[in-house]
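Some notes on the structure that comes next.
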Amino acid sequence: MKLLFEQFIEASNENEDKMAIYCDGESKSYKEMRTFVCKYANYLSSRGVKRGDIIGIPLNNSIESVGLIMAVTALGAGLAPVNPTLNSKDLDIAFKAANVKHIIARKSFYKEVLKEDNNILLDYPGLKLCLDGKIEDIEIKETSKLKIDSFDKVLEMTDELPSLDKITGEETFILTLTSGSTGDPKPIILSQNNKNIRAKAHIEMYELTKNDKILAATPLYHSLAQRLVIMPLILGATAVILPRFTPKLWLDLVRKLEVTFSIAVSAQLAQVLKELKEAEEKTCPSLRLLVSSSALLDLEVKKELVNFLQCDFHEMYGTSECSTVTDINLKEAGQKLNSVGRPLKGVDIRILSDENEELPLGEIGEIAVKTPLICEGYLNKEDVFKKATINGYFKTGDLGKLDVDGYLTFSGRKKEIIITGGVNVYPKDIEDKVIKLEEVLEVAAFPYKDERLGEIVALAVVTEAAEKEITKKIRLFCAKNLADFQQPHKIFILDSLPKNTMGKLVKSKLNDWVKDKE
Amino acid sequence: MEKVREFILDRLQKEYSFKEGTDIEKINYVEEGYMDSLGLIQFIGELEDEFDIEFSDEEMMEDSFRVVGSLIDLVTKKVGE
């Protein structure tokens, strides 16, 4: 199998003058992108970044971020990308869980982190690179040993092709941090080969070619957007990146750049439909195929969307560990409209009981998956990954059933998770923080249905404090101590939480429990 | 005023820098996607906490709350009260 970097260089050499990438009004041809990526790789190498090193990066959607993703493949180094809105303490926890050595970030990151503690970054012995602005604007105390390098130095580097002699493809390429903060992060290891075969599987499944213009409109610190930029860059197609999502910006970009293919999260598409209904222009003629991921879209939304867009429409189901597991084409699905589809080529699904025994067709149980696209495991948590794998089948924590034709229906989640706008939120991360407020006696974070985002974070709080004051206090506390996607949209103050006879919290009853309070 | 301005501009550009040459004061940071509804809840909390102020529901509903320049003016006014 050719390495990702080799494929990118081949695509660059064959398509020198073609647009490789577009983001926020700027673009680079393949020739320019090759130069950019090589300068990045040579700079990182000159500053001591070696094969096997992990770089922590609060990653935004930009050409620089994509350049960096491709550059580390030439070095055999890895990235631990995180949400830039995480606060510095949570970033520290995430980076330490990912064995981060070097840090690459924007000025705003350094300013915020150093505001609190000048020495917090000294635990990371490697390079500290600032991607934007003047580093003179970042205040570093004279006593600190911290040194930050400017991005200008990258641009001064040679653009020679780096040597790939030592690169095998087995190197850790991306560490996906599933649990962002106070929870116990489980960094998912994705090797270059993982990402390579995942990209290939999707290129084959969706029949992508170098003539496609592929849109990434989700954050690049998620696996989905990484795939959506790697695929075009190894194919010789064009990667189109949406820096910030609003439905209007999405539609404008699809039309302006004549995007042909994208995978979006379902919450985005529900918003796109709303925008289309109100807009004068109802179509996107260039779109050939649109795929919805993350959660099943409402049938009416799907039908209306396809009616406007007049393109092929697929839905997929998958997890960070397994990548895409099933796919369904709306046109071909017929009577299977509530299904998430059939397994991809080479993928096998079993439905397991609580005792890990295979259940008969039609019965609901835990979805377990055997797939060539499986990740390498969890970093420093081999036992947890091993425990989740039964005879080569990874237990997803999702519930579902299979029918006689092999179609999977998703029935819910066994694991505790809230998916808001396509982003996974772990209730424990929020609960562990909020319980620190002395007025809070008990707290439970749970998913609350929302038309726009699918689910939003709700909090049920037991307290003796006055409702108005404590609600405000919790809001302020969360604003300071949690990332944007973890913020509770609704806070319910209750006398008690629903519990079973053993006194254990029954989260599934929370939505009914708070009904009187709505 | 300068502290309010710096805090708001830094916060809004945590993920993405405003493009050079744009009139920052006039940017509707929600429509332009610099802040989504999840971020907005957090942003309001951070502003109230940092400057020890409180926004009324009416203030938060105003379109001008989502425009950089008028938000800076509003917070500056509240800090001075």
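For the structure tokens, the naming scheme is as follows: chains receive sequential letters (A, B, ...) according to their order of presentation, residues are indexed from 1 within each chain, and ligands are indexed from 1 in presentation order.
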Using only C-alpha atoms, determine which residues of chain A fall within 10 Å of chain B; present them as a ChimeraX atom specification.
/A:24-25,58-62,83-85,106-109,111-112,132-133,243-249,420-421,453,456-457,472-489
Can you tell me, as a VMD selection string, what residues are no more than 7 Å from Arg51 in chain A when counting only C-alpha atoms, ignoring any on the same chain fewer than 4 positions away?
chain A and resid 75 to 77
Compile the contact shell of range 68-81 of chain B as a ChimeraX atom specification: residues with an atom at most 10 Å away, counting only C-alpha atoms, same-chain residues fewer than 6 positions apart removed.
/B:1-9,12,23-30,47-48,51-55,59-60
Give me the residues near range 218-226 of chain A as a ChimeraX atom specification, where near means some atom within 6 Å (using only C-alpha atoms) and where sequence neighbours in that chain fewer than 2 positions away do not count.
/A:59,61,81-82,216,228-229
When you look at Ser292 in chain A with a cut-off of 10 Å (counting only C-alpha atoms), what residues show up, excluding the ones that are within fewer than 2 positions of it in the same chain? I need them as an MDAnalysis selection string.
chainID A and resid 262:269 290 294:297 302 313:317 327:328
Restricting it to N, CA, C and O atoms, dump the selection as a PDB file, in the first residue's frame.
```pdb
ATOM      1  N   SER A 262     -20.245  15.719  -0.361  1.00  0.00           N
ATOM      2  CA  SER A 262     -19.904  16.009   1.045  1.00  0.00           C
ATOM      3  C   SER A 262     -20.563  15.001   1.981  1.00  0.00           C
ATOM      4  O   SER A 262     -21.571  14.389   1.636  1.00  0.00           O
ATOM      5  N   ILE A 263     -19.948  14.849   3.120  1.00  0.00           N
ATOM      6  CA  ILE A 263     -20.591  14.115   4.216  1.00  0.00           C
ATOM      7  C   ILE A 263     -20.819  15.144   5.324  1.00  0.00           C
ATOM      8  O   ILE A 263     -19.877  15.811   5.756  1.00  0.00           O
ATOM      9  N   ALA A 264     -22.069  15.298   5.719  1.00  0.00           N
ATOM     10  CA  ALA A 264     -22.399  16.288   6.750  1.00  0.00           C
ATOM     11  C   ALA A 264     -22.960  15.562   7.952  1.00  0.00           C
ATOM     12  O   ALA A 264     -23.360  14.398   7.859  1.00  0.00           O
ATOM     13  N   VAL A 265     -23.018  16.235   9.083  1.00  0.00           N
ATOM     14  CA  VAL A 265     -23.730  15.631  10.205  1.00  0.00           C
ATOM     15  C   VAL A 265     -25.202  16.022  10.077  1.00  0.00           C
ATOM     16  O   VAL A 265     -25.533  17.084   9.565  1.00  0.00           O
ATOM     17  N   SER A 266     -26.059  15.120  10.553  1.00  0.00           N
ATOM     18  CA  SER A 266     -27.491  15.283  10.302  1.00  0.00           C
ATOM     19  C   SER A 266     -28.032  16.611  10.837  1.00  0.00           C
ATOM     20  O   SER A 266     -28.892  17.235  10.221  1.00  0.00           O
ATOM     21  N   ALA A 267     -27.506  17.078  11.976  1.00  0.00           N
ATOM     22  CA  ALA A 267     -28.001  18.332  12.552  1.00  0.00           C
ATOM     23  C   ALA A 267     -27.735  19.508  11.603  1.00  0.00           C
ATOM     24  O   ALA A 267     -28.530  20.443  11.515  1.00  0.00           O
ATOM     25  N   GLN A 268     -26.628  19.445  10.866  1.00  0.00           N
ATOM     26  CA  GLN A 268     -26.334  20.510   9.895  1.00  0.00           C
ATOM     27  C   GLN A 268     -27.360  20.490   8.773  1.00  0.00           C
ATOM     28  O   GLN A 268     -27.840  21.531   8.329  1.00  0.00           O
ATOM     29  N   LEU A 269     -27.696  19.284   8.311  1.00  0.00           N
ATOM     30  CA  LEU A 269     -28.607  19.177   7.163  1.00  0.00           C
ATOM     31  C   LEU A 269     -30.014  19.641   7.518  1.00  0.00           C
ATOM     32  O   LEU A 269     -30.712  20.218   6.683  1.00  0.00           O
ATOM     33  N   LEU A 290     -24.800  13.554  -1.484  1.00  0.00           N
ATOM     34  CA  LEU A 290     -24.687  14.097  -0.133  1.00  0.00           C
ATOM     35  C   LEU A 290     -24.927  12.956   0.861  1.00  0.00           C
ATOM     36  O   LEU A 290     -25.862  12.170   0.685  1.00  0.00           O
ATOM     37  N   SER A 294     -23.867  10.689  11.700  1.00  0.00           N
ATOM     38  CA  SER A 294     -24.014  11.021  13.123  1.00  0.00           C
ATOM     39  C   SER A 294     -25.335  10.569  13.732  1.00  0.00           C
ATOM     40  O   SER A 294     -25.330   9.869  14.717  1.00  0.00           O
ATOM     41  N   ALA A 295     -26.482  10.978  13.191  1.00  0.00           N
ATOM     42  CA  ALA A 295     -27.766  10.484  13.719  1.00  0.00           C
ATOM     43  C   ALA A 295     -28.748  10.410  12.557  1.00  0.00           C
ATOM     44  O   ALA A 295     -28.605  11.141  11.575  1.00  0.00           O
ATOM     45  N   LEU A 296     -29.727   9.511  12.689  1.00  0.00           N
ATOM     46  CA  LEU A 296     -30.695   9.332  11.607  1.00  0.00           C
ATOM     47  C   LEU A 296     -31.525  10.607  11.440  1.00  0.00           C
ATOM     48  O   LEU A 296     -31.998  11.177  12.406  1.00  0.00           O
ATOM     49  N   LEU A 297     -31.658  11.028  10.179  1.00  0.00           N
ATOM     50  CA  LEU A 297     -32.466  12.219   9.906  1.00  0.00           C
ATOM     51  C   LEU A 297     -33.937  11.840   9.859  1.00  0.00           C
ATOM     52  O   LEU A 297     -34.299  10.753   9.418  1.00  0.00           O
ATOM     53  N   LYS A 302     -35.480  14.342   5.200  1.00  0.00           N
ATOM     54  CA  LYS A 302     -34.758  13.699   4.096  1.00  0.00           C
ATOM     55  C   LYS A 302     -35.460  13.932   2.773  1.00  0.00           C
ATOM     56  O   LYS A 302     -34.852  14.345   1.783  1.00  0.00           O
ATOM     57  N   PHE A 313     -28.685  10.721  -2.194  1.00  0.00           N
ATOM     58  CA  PHE A 313     -28.609  10.975  -0.765  1.00  0.00           C
ATOM     59  C   PHE A 313     -28.397   9.670  -0.013  1.00  0.00           C
ATOM     60  O   PHE A 313     -29.160   8.730  -0.177  1.00  0.00           O
ATOM     61  N   HIS A 314     -27.336   9.632   0.774  1.00  0.00           N
ATOM     62  CA  HIS A 314     -27.052   8.440   1.572  1.00  0.00           C
ATOM     63  C   HIS A 314     -27.050   8.798   3.063  1.00  0.00           C
ATOM     64  O   HIS A 314     -26.822   9.946   3.426  1.00  0.00           O
ATOM     65  N   GLU A 315     -27.271   7.789   3.877  1.00  0.00           N
ATOM     66  CA  GLU A 315     -27.051   7.946   5.312  1.00  0.00           C
ATOM     67  C   GLU A 315     -26.077   6.865   5.747  1.00  0.00           C
ATOM     68  O   GLU A 315     -26.059   5.768   5.190  1.00  0.00           O
ATOM     69  N   MET A 316     -25.283   7.194   6.757  1.00  0.00           N
ATOM     70  CA  MET A 316     -24.316   6.213   7.236  1.00  0.00           C
ATOM     71  C   MET A 316     -24.379   6.100   8.747  1.00  0.00           C
ATOM     72  O   MET A 316     -24.838   6.999   9.438  1.00  0.00           O
ATOM     73  N   TYR A 317     -23.900   4.956   9.211  1.00  0.00           N
ATOM     74  CA  TYR A 317     -23.768   4.762  10.645  1.00  0.00           C
ATOM     75  C   TYR A 317     -22.341   4.305  10.926  1.00  0.00           C
ATOM     76  O   TYR A 317     -21.793   3.486  10.179  1.00  0.00           O
ATOM     77  N   ASP A 327     -24.159   1.808   5.322  1.00  0.00           N
ATOM     78  CA  ASP A 327     -24.543   2.932   4.462  1.00  0.00           C
ATOM     79  C   ASP A 327     -25.845   2.562   3.767  1.00  0.00           C
ATOM     80  O   ASP A 327     -26.098   1.395   3.461  1.00  0.00           O
ATOM     81  N   ILE A 328     -26.701   3.565   3.549  1.00  0.00           N
ATOM     82  CA  ILE A 328     -27.949   3.309   2.836  1.00  0.00           C
ATOM     83  C   ILE A 328     -28.210   4.436   1.842  1.00  0.00           C
ATOM     84  O   ILE A 328     -28.013   5.608   2.143  1.00  0.00           O
TER      85      ILE A 328
END
```
Name the residues of range 103-351 of chain A that come out as helix (DSSP H, G or I) in a backbone DSSP run; write them as a ChimeraX atom specification.
/A:107-116,120-123,135-137,152-155,192-205,223-235,247-256,266-278,299-309,330-333
If I take CA of Pro372 in chain A and CA of Gly346 in chain A, how far is one from the other in Å, to one decimal?
6.8 Å
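Once Leu287 in chain A and its same-chain neighbours fewer than 6 positions away are set aside, A:Val254, A:Arg255, A:Glu258, A:Val259, A:Thr260, A:Phe261, A:Ser262, A:Leu309, A:Gln310, A:Cys311, A:Asp312 remain within 9 Å of it when counting only C-alpha atoms.
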For the selection just defined, write its residues with N, CA, C and O atoms to a file, as an mmCIF file, in the first residue's frame.
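selection15.cif written:
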```cif
data_model
loop_
_atom_site.group_PDB
_atom_site.id
_atom_site.type_symbol
_atom_site.label_atom_id
_atom_site.label_comp_id
_atom_site.auth_asym_id
_atom_site.auth_seq_id
_atom_site.Cartn_x
_atom_site.Cartn_y
_atom_site.Cartn_z
ATOM 1 N N VAL A 254 -21.163 25.777 -1.280
ATOM 2 C CA VAL A 254 -21.463 24.670 -2.204
ATOM 3 C C VAL A 254 -21.719 25.237 -3.611
ATOM 4 O O VAL A 254 -21.219 24.708 -4.610
ATOM 5 N N ARG A 255 -22.445 26.334 -3.662
ATOM 6 C CA ARG A 255 -22.751 26.931 -4.976
ATOM 7 C C ARG A 255 -21.525 27.609 -5.587
ATOM 8 O O ARG A 255 -21.232 27.429 -6.762
ATOM 9 N N GLU A 258 -18.903 25.041 -6.530
ATOM 10 C CA GLU A 258 -19.505 23.914 -7.274
ATOM 11 C C GLU A 258 -19.124 22.571 -6.659
ATOM 12 O O GLU A 258 -18.600 21.674 -7.334
ATOM 13 N N VAL A 259 -19.376 22.468 -5.373
ATOM 14 C CA VAL A 259 -19.076 21.243 -4.627
ATOM 15 C C VAL A 259 -19.915 20.093 -5.186
ATOM 16 O O VAL A 259 -21.098 20.262 -5.505
ATOM 17 N N THR A 260 -19.278 18.909 -5.319
ATOM 18 C CA THR A 260 -20.004 17.758 -5.869
ATOM 19 C C THR A 260 -20.346 16.715 -4.802
ATOM 20 O O THR A 260 -21.262 15.925 -4.977
ATOM 21 N N PHE A 261 -19.560 16.704 -3.705
ATOM 22 C CA PHE A 261 -19.741 15.641 -2.706
ATOM 23 C C PHE A 261 -19.449 16.168 -1.303
ATOM 24 O O PHE A 261 -18.517 16.945 -1.114
ATOM 25 N N SER A 262 -20.245 15.719 -0.361
ATOM 26 C CA SER A 262 -19.904 16.009 1.045
ATOM 27 C C SER A 262 -20.563 15.001 1.981
ATOM 28 O O SER A 262 -21.571 14.389 1.636
ATOM 29 N N LEU A 309 -32.606 19.520 -3.403
ATOM 30 C CA LEU A 309 -31.232 19.407 -3.905
ATOM 31 C C LEU A 309 -31.107 18.520 -5.138
ATOM 32 O O LEU A 309 -30.152 18.641 -5.902
ATOM 33 N N GLN A 310 -32.061 17.611 -5.332
ATOM 34 C CA GLN A 310 -32.053 16.741 -6.517
ATOM 35 C C GLN A 310 -30.719 16.010 -6.690
ATOM 36 O O GLN A 310 -30.181 15.942 -7.805
ATOM 37 N N CYS A 311 -30.166 15.510 -5.590
ATOM 38 C CA CYS A 311 -28.924 14.743 -5.715
ATOM 39 C C CYS A 311 -29.118 13.390 -5.032
ATOM 40 O O CYS A 311 -30.114 13.184 -4.335
ATOM 41 N N ASP A 312 -28.153 12.489 -5.248
ATOM 42 C CA ASP A 312 -28.214 11.221 -4.519
ATOM 43 C C ASP A 312 -28.010 11.512 -3.037
ATOM 44 O O ASP A 312 -27.252 12.414 -2.671
#
```
Would you pick out the contacts of range 441-447 of chain A at 6 Å or less, using only C-alpha atoms, so that residues sharing its chain but fewer than 6 positions from it are not included, and give the list as an MDAnalysis selection string?
chainID A and resid 418 427 455:463
For the strand (DSSP E or B) assignment from backbone DSSP, which residues of range 93-339 of chain A qualify? Please present them as a PyMOL selection string.
chain A and resi 102-105+128-130+149-150+172-177+187-191+213-216+238-241+261-265+289-293+312-319+323-329
Shortest interatomic distance to Leu242 in chain A - which of A:Tyr22, A:Ile57, A:Ala80, A:Tyr43, counting only C-alpha atoms:
A:Tyr22
